[in-house]
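coords_38.cif follows (mmCIF, C-alpha atoms):
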data_run
loop_
_atom_site.label_atom_id
_atom_site.label_comp_id
_atom_site.auth_asym_id
_atom_site.auth_seq_id
_atom_site.Cartn_x
_atom_site.Cartn_y
_atom_site.Cartn_z
CA MET G 1 7.42 20.55 7.48
CA ASP G 2 9.82 17.88 8.68
CA ARG G 3 12.89 16.94 6.65
CA ILE G 4 15.11 13.88 6.75
CA ARG G 5 18.89 14.17 6.59
CA ILE G 6 20.90 11.18 5.35
CA ARG G 7 24.66 10.90 5.25
CA GLY G 8 25.40 8.08 2.83
CA GLY G 9 28.06 5.42 2.67
CA ASN G 10 27.25 3.17 5.66
CA THR G 11 26.46 -0.50 5.06
CA LEU G 12 23.29 -1.83 6.73
CA ASN G 13 23.61 -4.72 9.16
CA GLY G 14 21.02 -6.05 11.59
CA THR G 15 17.32 -6.87 11.81
CA ILE G 16 14.34 -4.89 10.54
CA HIS G 17 10.89 -5.91 11.74
CA ILE G 18 8.28 -5.72 8.98
CA SER G 19 5.06 -3.91 9.92
CA GLY G 20 1.48 -4.79 9.06
CA ALA G 21 0.53 -3.93 5.47
CA LYS G 22 -1.05 -0.52 4.93
CA ASN G 23 -2.81 -1.86 1.82
CA ALA G 24 -4.55 -4.51 3.95
CA ALA G 25 -5.09 -2.44 7.11
CA LEU G 26 -7.11 0.27 5.34
CA PRO G 27 -9.70 -2.04 3.68
CA LEU G 28 -9.85 -4.15 6.87
CA MET G 29 -10.78 -1.02 8.83
CA ILE G 30 -13.42 -0.20 6.22
CA ALA G 31 -14.81 -3.77 6.45
CA SER G 32 -15.77 -2.97 10.07
CA LEU G 33 -18.73 -1.01 8.63
CA LEU G 34 -20.29 -4.30 7.50
CA THR G 35 -21.21 -5.41 11.04
CA ASP G 36 -22.73 -3.83 14.15
CA GLU G 37 -20.36 -5.94 16.28
CA THR G 38 -16.72 -5.20 17.13
CA LEU G 39 -13.90 -6.01 14.71
CA THR G 40 -10.53 -6.31 16.47
CA LEU G 41 -7.46 -5.81 14.26
CA HIS G 42 -3.92 -6.54 15.44
CA ARG G 43 -0.68 -5.22 13.94
CA VAL G 44 -2.25 -2.10 12.45
CA PRO G 45 0.68 0.10 11.37
CA ARG G 46 1.00 3.58 12.89
CA LEU G 47 0.70 5.65 9.71
CA ALA G 48 -0.76 8.99 8.65
CA ASP G 49 -3.20 7.20 6.27
CA VAL G 50 -4.46 4.98 9.12
CA ARG G 51 -5.08 8.07 11.30
CA LEU G 52 -6.94 9.78 8.46
CA LEU G 53 -9.17 6.74 7.84
CA GLN G 54 -9.86 6.62 11.59
CA ARG G 55 -11.21 10.18 11.33
CA ILE G 56 -13.31 9.25 8.28
CA LEU G 57 -14.84 6.22 10.07
CA GLN G 58 -15.51 8.28 13.21
CA ASN G 59 -17.32 10.76 10.96
CA HIS G 60 -19.73 7.89 10.14
CA GLY G 61 -20.30 7.32 13.88
CA VAL G 62 -17.85 4.43 14.27
CA ASP G 63 -16.30 3.94 17.71
CA ILE G 64 -12.56 3.15 17.63
CA THR G 65 -10.35 2.33 20.60
CA ILE G 66 -6.64 1.69 20.30
CA ALA G 67 -4.83 -0.62 22.70
CA GLY G 68 -1.11 -1.00 23.13
CA LYS G 69 0.11 2.57 23.16
CA ARG G 70 2.19 2.03 26.27
CA ALA G 71 5.54 3.78 26.37
CA GLY G 72 8.47 1.55 25.53
CA GLN G 73 6.31 -0.94 23.65
CA ASN G 74 7.75 -2.38 20.44
CA GLY G 75 6.86 -0.03 17.63
CA HIS G 76 7.01 -2.78 15.04
CA ASP G 77 4.08 -4.68 16.54
CA GLY G 78 1.81 -1.86 15.40
CA GLU G 79 -1.29 -1.33 17.47
CA THR G 80 -4.49 -3.19 18.25
CA MET G 81 -7.62 -1.44 17.05
CA ARG G 82 -11.14 -2.26 18.21
CA ILE G 83 -13.65 -0.91 15.74
CA SER G 84 -17.35 -0.87 16.47
CA ALA G 85 -19.85 0.39 13.89
CA LYS G 86 -22.87 -0.28 16.07
CA ALA G 87 -24.96 2.42 14.44
CA ILE G 88 -23.92 4.36 11.35
CA ALA G 89 -24.67 8.01 12.07
CA ASP G 90 -24.02 9.41 8.61
CA SER G 91 -23.82 7.75 5.19
CA THR G 92 -22.04 10.72 3.56
CA ALA G 93 -18.25 10.69 3.09
CA PRO G 94 -17.39 14.36 2.49
CA TYR G 95 -14.93 15.77 -0.05
CA GLU G 96 -12.60 17.32 2.55
CA LEU G 97 -11.85 13.85 3.97
CA VAL G 98 -12.03 11.62 0.86
CA SER G 99 -9.92 14.07 -1.18
CA LYS G 100 -6.96 13.41 1.14
CA MET G 101 -6.87 9.65 0.58
CA ARG G 102 -8.22 7.59 -2.29
CA ALA G 103 -8.81 4.41 -0.29
CA SER G 104 -11.49 6.18 1.75
CA PHE G 105 -13.73 6.00 -1.35
CA TRP G 106 -14.00 2.28 -0.57
CA VAL G 107 -16.53 3.05 2.20
CA LEU G 108 -19.13 3.17 -0.60
CA ALA G 109 -19.86 -0.60 -0.67
CA PRO G 110 -20.18 -1.25 3.09
CA LEU G 111 -22.25 1.94 3.62
CA LEU G 112 -24.65 0.75 0.91
CA ALA G 113 -24.73 -2.72 2.45
CA ARG G 114 -25.56 -1.36 5.90
CA CYS G 115 -27.67 1.75 5.16
CA GLY G 116 -29.14 1.15 1.70
CA GLU G 117 -27.78 4.54 0.63
CA ALA G 118 -24.49 6.42 0.49
CA ARG G 119 -23.10 9.71 -0.73
CA VAL G 120 -19.34 9.51 -1.25
CA SER G 121 -17.13 12.21 -2.72
CA LEU G 122 -15.03 11.37 -5.77
CA PRO G 123 -11.49 10.79 -4.46
CA GLY G 124 -8.14 12.58 -4.38
CA GLY G 125 -4.90 11.06 -3.05
CA CYS G 126 -1.52 10.48 -4.72
CA ALA G 127 -0.78 12.40 -7.89
CA ILE G 128 0.12 9.29 -9.87
CA GLY G 129 -2.43 9.08 -12.61
CA THR G 130 -6.18 9.32 -12.94
CA ARG G 131 -7.14 5.98 -11.33
CA PRO G 132 -10.86 6.41 -12.08
CA VAL G 133 -13.57 4.84 -9.96
CA ASP G 134 -15.65 3.54 -12.88
CA LEU G 135 -14.90 -0.10 -12.00
CA HIS G 136 -16.15 0.45 -8.40
CA ILE G 137 -19.38 1.84 -9.84
CA LEU G 138 -19.66 -1.06 -12.31
CA ALA G 139 -19.36 -3.53 -9.41
CA MET G 140 -22.01 -1.76 -7.33
CA GLU G 141 -24.44 -1.57 -10.30
CA LYS G 142 -23.98 -5.30 -11.03
CA LEU G 143 -25.09 -5.90 -7.42
CA GLY G 144 -28.26 -3.85 -7.95
CA ALA G 145 -27.25 -0.37 -6.81
CA LYS G 146 -28.73 2.71 -8.50
CA ILE G 147 -25.98 5.31 -8.95
CA THR G 148 -25.81 8.92 -10.09
CA ILE G 149 -22.97 11.45 -10.00
CA ASP G 150 -24.04 14.76 -8.51
CA ALA G 151 -21.76 17.78 -7.89
CA GLY G 152 -18.63 15.66 -7.44
CA TYR G 153 -20.36 13.01 -5.31
CA VAL G 154 -21.30 9.43 -6.08
CA VAL G 155 -24.90 9.13 -4.87
CA ALA G 156 -25.95 5.49 -4.54
CA ARG G 157 -29.01 3.61 -3.33
CA THR G 158 -29.82 -0.07 -3.00
CA PRO G 159 -33.62 0.03 -2.86
CA ASN G 160 -33.82 -3.77 -2.41
CA GLY G 161 -30.48 -4.28 -0.71
CA PHE G 162 -27.57 -5.73 -2.66
CA ILE G 163 -28.55 -8.62 -4.97
CA GLY G 164 -25.99 -11.26 -5.97
CA GLY G 165 -24.73 -10.89 -9.51
CA HIS G 166 -22.02 -11.59 -12.06
CA ILE G 167 -19.17 -9.05 -12.04
CA LYS G 168 -16.59 -9.38 -14.80
CA PHE G 169 -13.93 -6.68 -14.58
CA PRO G 170 -12.58 -5.45 -17.95
CA LYS G 171 -9.25 -4.87 -16.21
CA VAL G 172 -7.71 -5.84 -12.90
CA SER G 173 -8.44 -3.34 -10.11
CA VAL G 174 -7.51 -3.78 -6.47
CA GLY G 175 -9.97 -1.17 -5.18
CA ALA G 176 -12.87 -2.43 -7.27
CA THR G 177 -12.20 -6.04 -6.17
CA HIS G 178 -12.38 -4.91 -2.51
CA ALA G 179 -15.63 -3.07 -3.29
CA ALA G 180 -17.17 -6.10 -5.03
CA LEU G 181 -16.23 -8.37 -2.11
CA MET G 182 -17.68 -6.04 0.50
CA GLY G 183 -20.87 -5.55 -1.49
CA ALA G 184 -21.39 -9.25 -2.21
CA VAL G 185 -20.84 -10.80 1.23
CA THR G 186 -24.25 -9.72 2.59
CA ALA G 187 -26.08 -9.60 -0.77
CA LYS G 188 -29.16 -11.74 -1.39
CA GLY G 189 -27.99 -14.72 -3.44
CA ASP G 190 -24.69 -15.68 -5.02
CA THR G 191 -22.06 -13.51 -6.70
CA LEU G 192 -19.37 -14.47 -9.20
CA ILE G 193 -16.40 -12.08 -9.56
CA GLU G 194 -14.18 -12.67 -12.63
CA ASN G 195 -10.81 -11.06 -13.37
CA ALA G 196 -10.50 -10.19 -9.69
CA ALA G 197 -7.22 -8.70 -8.45
CA ARG G 198 -5.11 -11.36 -6.71
CA GLU G 199 -3.01 -9.22 -4.36
CA PRO G 200 -2.21 -10.86 -0.99
CA GLU G 201 -3.90 -7.91 0.76
CA ILE G 202 -7.22 -8.80 -0.94
CA ALA G 203 -6.84 -12.39 0.26
CA ASP G 204 -6.15 -11.04 3.76
CA VAL G 205 -9.37 -9.00 3.72
CA ALA G 206 -11.33 -11.97 2.33
CA GLU G 207 -9.98 -14.21 5.11
CA CYS G 208 -11.07 -11.65 7.71
CA LEU G 209 -14.55 -11.47 6.11
CA VAL G 210 -14.77 -15.29 6.39
CA LYS G 211 -13.97 -14.97 10.13
CA MET G 212 -16.88 -12.50 10.27
CA GLY G 213 -19.20 -15.13 8.79
CA ALA G 214 -18.89 -14.52 5.03
CA LYS G 215 -18.93 -17.45 2.58
CA ILE G 216 -16.18 -16.94 0.01
CA ASP G 217 -14.57 -19.45 -2.37
CA GLY G 218 -11.51 -18.88 -4.56
CA ILE G 219 -9.65 -16.54 -2.19
CA GLY G 220 -6.40 -15.40 -3.83
CA SER G 221 -7.51 -16.39 -7.33
CA ALA G 222 -8.91 -14.39 -10.27
CA THR G 223 -12.35 -16.05 -9.89
CA ILE G 224 -14.13 -15.52 -6.57
CA ARG G 225 -17.52 -17.01 -5.65
CA ILE G 226 -19.52 -15.57 -2.78
CA LYS G 227 -22.69 -16.90 -1.16
CA GLY G 228 -24.46 -13.96 0.45
CA VAL G 229 -25.28 -14.23 4.17
CA PRO G 230 -27.88 -12.09 6.01
CA ARG G 231 -25.37 -10.49 8.39
CA LEU G 232 -21.75 -10.52 9.53
CA HIS G 233 -20.55 -10.66 13.13
CA GLY G 234 -17.46 -9.42 14.96
CA ALA G 235 -14.05 -11.11 14.63
CA GLU G 236 -10.38 -10.83 15.48
CA HIS G 237 -7.71 -10.63 12.79
CA THR G 238 -3.98 -9.88 12.46
CA VAL G 239 -2.96 -7.72 9.48
CA ILE G 240 -0.67 -9.49 6.95
CA ALA G 241 3.01 -8.38 6.81
CA ASP G 242 3.69 -5.53 4.38
CA ARG G 243 5.35 -6.98 1.25
CA ILE G 244 6.04 -3.49 -0.14
CA GLU G 245 7.86 -2.47 3.04
CA ALA G 246 9.79 -5.77 2.99
CA GLY G 247 10.78 -5.23 -0.66
CA THR G 248 11.80 -1.64 0.10
CA TYR G 249 14.15 -2.61 2.93
CA ALA G 250 15.49 -5.53 0.87
CA MET G 251 16.49 -2.99 -1.80
CA ALA G 252 18.00 -0.64 0.79
CA ALA G 253 20.15 -3.51 2.09
CA ALA G 254 21.14 -4.51 -1.45
CA MET G 255 22.00 -0.89 -2.28
CA THR G 256 24.33 -0.37 0.69
CA GLY G 257 25.81 -3.86 1.04
CA GLY G 258 25.87 -5.59 4.40
CA GLU G 259 23.47 -8.21 5.73
CA VAL G 260 19.94 -7.50 6.91
CA LYS G 261 17.28 -9.84 8.24
CA LEU G 262 13.70 -8.84 7.48
CA ALA G 263 11.84 -10.36 10.42
CA GLY G 264 8.25 -11.35 9.69
CA ALA G 265 8.50 -10.82 5.90
CA ARG G 266 6.24 -13.25 4.01
CA THR G 267 8.30 -14.90 1.26
CA ASP G 268 5.15 -16.31 -0.36
CA THR G 269 4.08 -12.75 -1.29
CA LEU G 270 7.46 -11.65 -2.69
CA GLY G 271 8.16 -14.21 -5.43
CA GLU G 272 8.69 -11.89 -8.41
CA VAL G 273 10.56 -9.30 -6.32
CA MET G 274 13.02 -11.92 -5.05
CA LYS G 275 13.50 -13.28 -8.58
CA ILE G 276 14.38 -9.84 -10.01
CA MET G 277 16.69 -8.99 -7.11
CA ARG G 278 18.49 -12.31 -7.39
CA SER G 279 19.01 -11.71 -11.10
CA SER G 280 20.64 -8.41 -10.12
CA GLY G 281 23.16 -10.29 -7.96
CA VAL G 282 21.59 -10.02 -4.49
CA ASP G 283 21.70 -13.04 -2.18
CA ILE G 284 18.25 -13.65 -0.71
CA GLU G 285 17.67 -16.48 1.72
CA ALA G 286 14.17 -17.42 2.82
CA LYS G 287 13.95 -18.21 6.54
CA ASN G 288 11.04 -19.54 8.61
CA ASP G 289 10.57 -16.15 10.21
CA GLY G 290 11.47 -13.88 7.31
CA LEU G 291 14.19 -13.13 4.77
CA LYS G 292 17.94 -12.60 4.87
CA ILE G 293 19.36 -10.11 2.34
CA LYS G 294 23.05 -9.99 1.53
CA ARG G 295 24.80 -8.40 -1.40
CA ASN G 296 27.66 -10.44 -2.77
CA GLY G 297 30.91 -8.59 -3.45
CA ALA G 298 30.49 -8.49 -7.24
CA GLY G 299 28.26 -5.41 -7.34
CA LEU G 300 24.86 -5.21 -9.00
CA ALA G 301 23.94 -6.42 -12.48
CA ALA G 302 21.54 -4.57 -14.81
CA ILE G 303 17.96 -5.89 -15.05
CA ARG G 304 14.86 -5.62 -17.28
CA VAL G 305 11.44 -5.51 -15.66
CA GLU G 306 7.82 -4.52 -16.30
CA THR G 307 5.35 -3.68 -13.55
CA GLU G 308 2.27 -5.90 -13.60
CA PRO G 309 -0.67 -6.75 -11.36
CA TYR G 310 0.11 -9.41 -8.73
CA PRO G 311 1.81 -11.90 -8.99
CA GLY G 312 3.92 -9.76 -11.36
CA PHE G 313 6.43 -7.13 -10.23
CA PRO G 314 4.52 -4.51 -8.15
CA THR G 315 4.24 -0.90 -9.30
CA ASP G 316 4.65 0.04 -5.62
CA LEU G 317 8.29 -1.16 -5.77
CA GLN G 318 9.17 0.32 -9.15
CA ALA G 319 10.72 3.54 -7.77
CA GLN G 320 12.75 1.60 -5.18
CA LEU G 321 14.05 -0.82 -7.84
CA MET G 322 15.00 2.12 -10.03
CA ALA G 323 17.07 3.58 -7.18
CA LEU G 324 18.85 0.22 -6.88
CA THR G 325 19.65 0.06 -10.62
CA THR G 326 21.29 3.52 -10.61
CA ARG G 327 24.48 1.82 -9.34
CA ALA G 328 24.22 -1.41 -11.37
CA LYS G 329 26.78 -2.33 -14.04
CA GLY G 330 25.26 -1.73 -17.48
CA THR G 331 21.86 -0.43 -18.60
CA SER G 332 18.62 -1.45 -16.90
CA ILE G 333 15.15 -1.11 -18.47
CA ILE G 334 12.05 -0.55 -16.31
CA ARG G 335 8.62 -0.30 -17.93
CA GLU G 336 5.73 1.09 -15.86
CA THR G 337 2.44 -0.36 -17.13
CA ILE G 338 0.09 0.43 -14.22
CA PHE G 339 0.16 4.19 -13.54
CA GLU G 340 0.83 6.68 -16.29
CA ASN G 341 2.85 9.31 -14.44
CA ARG G 342 4.69 7.25 -11.90
CA PHE G 343 8.16 8.44 -12.88
CA MET G 344 8.17 11.63 -10.83
CA HIS G 345 11.15 10.39 -8.83
CA VAL G 346 13.36 10.35 -11.95
CA GLN G 347 14.35 14.01 -11.90
CA GLU G 348 15.05 13.84 -8.17
CA LEU G 349 17.26 10.73 -8.58
CA ALA G 350 19.06 12.66 -11.34
CA ARG G 351 19.91 15.34 -8.76
CA LEU G 352 21.88 12.66 -6.91
CA GLY G 353 23.79 11.83 -10.10
CA ALA G 354 21.65 9.04 -11.60
CA ASP G 355 21.71 8.67 -15.41
CA ILE G 356 18.09 7.96 -16.42
CA HIS G 357 16.37 8.50 -19.78
CA LEU G 358 12.59 8.35 -20.14
CA ASP G 359 10.69 7.33 -23.22
CA GLY G 360 6.93 7.19 -22.56
CA ASP G 361 6.27 4.38 -20.08
CA THR G 362 9.88 3.12 -20.17
CA ALA G 363 12.93 4.23 -18.21
CA GLU G 364 16.46 3.40 -19.30
CA ILE G 365 18.86 3.55 -16.34
CA ARG G 366 22.60 3.55 -17.04
CA GLY G 367 24.48 2.54 -13.93
CA VAL G 368 26.93 5.11 -12.56
CA GLU G 369 30.07 4.68 -10.44
CA ARG G 370 28.80 6.89 -7.65
CA LEU G 371 25.91 9.00 -6.44
CA THR G 372 26.40 12.30 -4.59
CA GLY G 373 24.19 13.75 -1.87
CA ALA G 374 21.95 16.73 -2.73
CA PRO G 375 18.71 18.37 -1.57
CA VAL G 376 15.75 16.41 -3.02
CA MET G 377 11.97 16.53 -2.75
CA ALA G 378 9.47 13.70 -2.27
CA THR G 379 6.60 13.74 -4.78
CA ASP G 380 4.61 10.70 -3.65
CA LEU G 381 4.88 7.85 -1.17
CA ARG G 382 6.97 5.33 -3.13
CA ALA G 383 9.05 8.00 -4.89
CA SER G 384 10.08 9.44 -1.53
CA VAL G 385 11.44 6.14 -0.25
CA SER G 386 13.38 5.57 -3.51
CA LEU G 387 15.27 8.78 -2.69
CA VAL G 388 16.08 7.40 0.77
CA ILE G 389 17.50 4.22 -0.83
CA ALA G 390 19.67 6.22 -3.25
CA ALA G 391 20.79 8.61 -0.49
CA LEU G 392 21.95 5.72 1.72
CA ALA G 393 24.54 4.87 -0.95
CA ALA G 394 25.36 8.44 -2.05
CA GLU G 395 28.54 10.22 -0.99
CA GLY G 396 27.91 13.12 1.37
CA GLU G 397 24.65 14.51 2.69
CA THR G 398 21.15 14.33 1.22
CA MET G 399 18.30 16.42 2.59
CA LEU G 400 14.85 15.01 1.79
CA HIS G 401 12.00 17.53 1.84
CA ARG G 402 8.22 16.88 2.04
CA VAL G 403 8.62 13.70 4.10
CA TYR G 404 4.92 13.68 5.02
CA HIS G 405 4.59 11.42 1.95
CA LEU G 406 6.79 8.85 3.73
CA ASP G 407 4.71 8.99 6.89
CA ARG G 408 1.68 7.87 4.90
CA GLY G 409 3.18 4.42 4.28
CA PHE G 410 6.29 3.65 6.34
CA GLU G 411 6.13 3.09 10.07
CA THR G 412 9.18 4.45 11.97
CA LEU G 413 11.38 4.41 8.85
CA GLU G 414 14.32 6.34 10.34
CA GLU G 415 14.38 4.22 13.51
CA LYS G 416 14.41 0.98 11.52
CA LEU G 417 17.26 2.14 9.28
CA LYS G 418 19.22 3.76 12.11
CA ALA G 419 19.11 0.49 14.09
CA CYS G 420 20.97 -1.14 11.18
CA GLY G 421 23.69 1.50 11.03
CA ALA G 422 22.29 4.15 8.66
CA ASP G 423 23.23 7.77 9.40
CA ILE G 424 19.71 9.18 9.14
CA GLU G 425 17.77 11.68 11.23
CA ARG G 426 14.53 13.59 11.09
CA LEU G 427 14.76 17.33 11.50
CA SER G 428 11.51 18.63 12.89
CA SER G 429 10.13 21.91 11.65
CA HIS G 430 8.84 22.97 15.07
#

Rewrite the structure from the file as structure tokens, please.
Amino acid sequence: MDRIRIRGGNTLNGTIHISGAKNAALPLMIASLLTDETLTLHRVPRLADVRLLQRILQNHGVDITIAGKRAGQNGHDGETMRISAKAIADSTAPYELVSKMRASFWVLAPLLARCGEARVSLPGGCAIGTRPVDLHILAMEKLGAKITIDAGYVVARTPNGFIGGHIKFPKVSVGATHAALMGAVTAKGDTLIENAAREPEIADVAECLVKMGAKIDGIGSATIRIKGVPRLHGAEHTVIADRIEAGTYAMAAAMTGGEVKLAGARTDTLGEVMKIMRSSGVDIEAKNDGLKIKRNGAGLAAIRVETEPYPGFPTDLQAQLMALTTRAKGTSIIRETIFENRFMHVQELARLGADIHLDGDTAEIRGVERLTGAPVMATDLRASVSLVIAALAAEGETMLHRVYHLDRGFETLEEKLKACGADIERLSSH
């Protein structure tokens, strides 16, 4: 397994180009199943999760070609993917593929829409809580699907095709909102989705579906109305910039000091993140083409924050924010309300000298004068990058193990940080 070695203490200065959002790219790839024509996606990030989903789609008989792999091409532009689901060869998504990545469960809705039946394994993925799929199933049943669970598989049929319906989610779910959208766009009749998730990535997928011929009102709001159309056609779409990646690098710049421009970051998707960081004493300037992050000389102030569904503070930036608060003056309080065991990075941050106390869903972080490098282990995607942020400011050398978690969600992380002056390198196991 690869490891990453970081020698801390360098300030970051320069420009980091923000990649396409993983959390939009994956459902956009899955949306290709809804049409027999070609969907062309630009700025798809080069990530392990994208490669895995490619394999899952190819398993269903989908043809995928990737353009723009020429040597010397800008890595941060991602790649252009042409996805053609002309004929779906197999409506089963097997356990050995779905168990590796939760988002692959989302193939359920488009497979049902296209084939009238699907057999999809119950998912695996990150070890951060149960994240059940009951809301996906609720959405499918409200659109007329007949569903049973058999030997670890969701077995679903739509004997009359999807029928428009009224879906009111008891709680906000990103995955279930994607599922409801993909089921409703080609359903017979109209669908009303209430308490929909409002994440920018969902809006991005909805906008792509509109380009494919879907009729959707209320994009980006909690109430979405969809008029079903008989079929969707091909389209071309550029993946939205990754707000989680932008927030991560903003915190890395704030942690080390210096001045970093985040080229292509979308300020309209980062409102709450910028508010919290500013309250901590970080200078953030919105530019036409991104964000400029600068830490003023006064050091960091303690903060209080709770994770919430969008537009609140994202759970996917909680670990990174915690790394930042380890050096703040005073005591910070972070409450995690979305995933029940998303504090696995705490003991690893403690190995670097952080002073963190946990009480249920709440972490109390007392700022320390300094962090010291140590060997640490990544436990999930966001936890692993929080260790990178802490290590950048720690004295001495940190060795990060199990970096395959990072490769699931951050495109060319070491190159981006190295270009801004970080002393970071990947040590390959082969």

- [ ] Check which residues satisfy the PyMOL selection byres ((chain G and resi 175) around 9) in the file shown, then give them as number ranges by chain.
- [x] G: 27, 103, 105-106, 133, 135-136, 173-174, 176-180, 197

TODO: Would you mind telling me which residue in G:Asp2, G:Asp316, G:Glu194, G:Glu141 lies nearest to G:Ser428 when using all atoms listed in the file?
DONE: G:Asp2

- [ ] Can you turn the PyMOL selection byres ((chain G and resi 149) around 12) into a concrete residue list for this file, as a list in words?
- [x]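 After applying the PyMOL selection byres ((chain G and resi 149) around 12), what remains is Ala118, Arg119, Val120, Ser121, Leu122, Val133, Asp134, Ile137, Lys146, Ile147, Thr148, Asp150, Ala151, Gly152, Tyr153, Val154, Val155, Ala156 and Arg157 of chain G.
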
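The environment of G:Lys275 within 12 Å, counting all atoms listed in the file and disregarding residues fewer than 4 places along the same chain, consists of Gly247, Thr267, Thr269, Leu270, Gly271, Ser279, Ser280, Gly281, Val282, Asp283, Ile284, Glu285, Ile303, Arg304, Val305, Pro311, Gly312 and Phe313 of chain G.
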
TODO: Find the residue from G:Ser221, G:Ser91, G:Asn296, G:Thr80 that sits nearest to G:Gly257; use all atoms listed in the file when measuring.
DONE: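 So, comparing all the options, the nearest one is G:Asn296.
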
Task: Nearby residues (only C-alpha atoms) at most 10 Å from G:Arg366, same-chain spacing under 2 positions excluded, as a list in words - done: Ala302, Thr325, Thr326, Arg327, Ala328, Lys329, Gly330, Thr331, Ser332, Ile333, Ala354, Asp355, Ile356, His357, Ala363, Glu364 and Val368 of chain G

List as a tab-separated table (two decimals) with C-alpha atoms, in the frame of the given file the protein and nucleic acid residues near stretch 409-418 of chain G, meaning an atom at most 9 Å away when only C-alpha atoms are counted, but skip any in the same chain fewer than 6 places from it.
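The file below, result_11.tsv, is the result:
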chain	number	residue	atom	x	y	z
G	4	ILE	CA	15.11	13.88	6.75
G	12	LEU	CA	23.29	-1.83	6.73
G	15	THR	CA	17.32	-6.87	11.81
G	16	ILE	CA	14.34	-4.89	10.54
G	17	HIS	CA	10.89	-5.91	11.74
G	19	SER	CA	5.06	-3.91	9.92
G	21	ALA	CA	0.53	-3.93	5.47
G	22	LYS	CA	-1.05	-0.52	4.93
G	45	PRO	CA	0.68	0.10	11.37
G	46	ARG	CA	1.00	3.58	12.89
G	47	LEU	CA	0.70	5.65	9.71
G	48	ALA	CA	-0.76	8.99	8.65
G	49	ASP	CA	-3.20	7.20	6.27
G	75	GLY	CA	6.86	-0.03	17.63
G	76	HIS	CA	7.01	-2.78	15.04
G	78	GLY	CA	1.81	-1.86	15.40
G	245	GLU	CA	7.86	-2.47	3.04
G	249	TYR	CA	14.15	-2.61	2.93
G	252	ALA	CA	18.00	-0.64	0.79
G	381	LEU	CA	4.88	7.85	-1.17
G	382	ARG	CA	6.97	5.33	-3.13
G	385	VAL	CA	11.44	6.14	-0.25
G	424	ILE	CA	19.71	9.18	9.14
G	425	GLU	CA	17.77	11.68	11.23
G	426	ARG	CA	14.53	13.59	11.09

- [ ] Have a look at atom CA of G:Leu400 and atom CA of G:Gly8 and let me know their distance in Å, one decimal.
- [x] 12.7 Å

- [ ] Work out how far atom CA of G:Met399 is from atom CA of G:Ala383, in Å to one decimal.
- [x]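 Atom CA of G:Met399 lies 14.6 Å from atom CA of G:Ala383.
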
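Note that atom CA of G:Tyr310 and atom CA of G:Glu199 are 5.4 Å apart.
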
Open item on the list: The residues within 9 Å of (19.8, 8.4, 1.5), using only C-alpha atoms and the coordinates of the file, should be reported as number ranges by chain; which are they?
Closed with: G: 4-9, 373, 385-394, 397-400, 422-424

Open item on the list: With all atoms listed in the file as the counted atoms, please give the residues lying no more than 7 Å from G:Ala89, apart from itself and same-chain residues fewer than 2 positions off, as a list in words.
Closed with: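 Once the nearby chain positions are removed, what remains is His60, Gly61, Ala87 and Ser91 of chain G.
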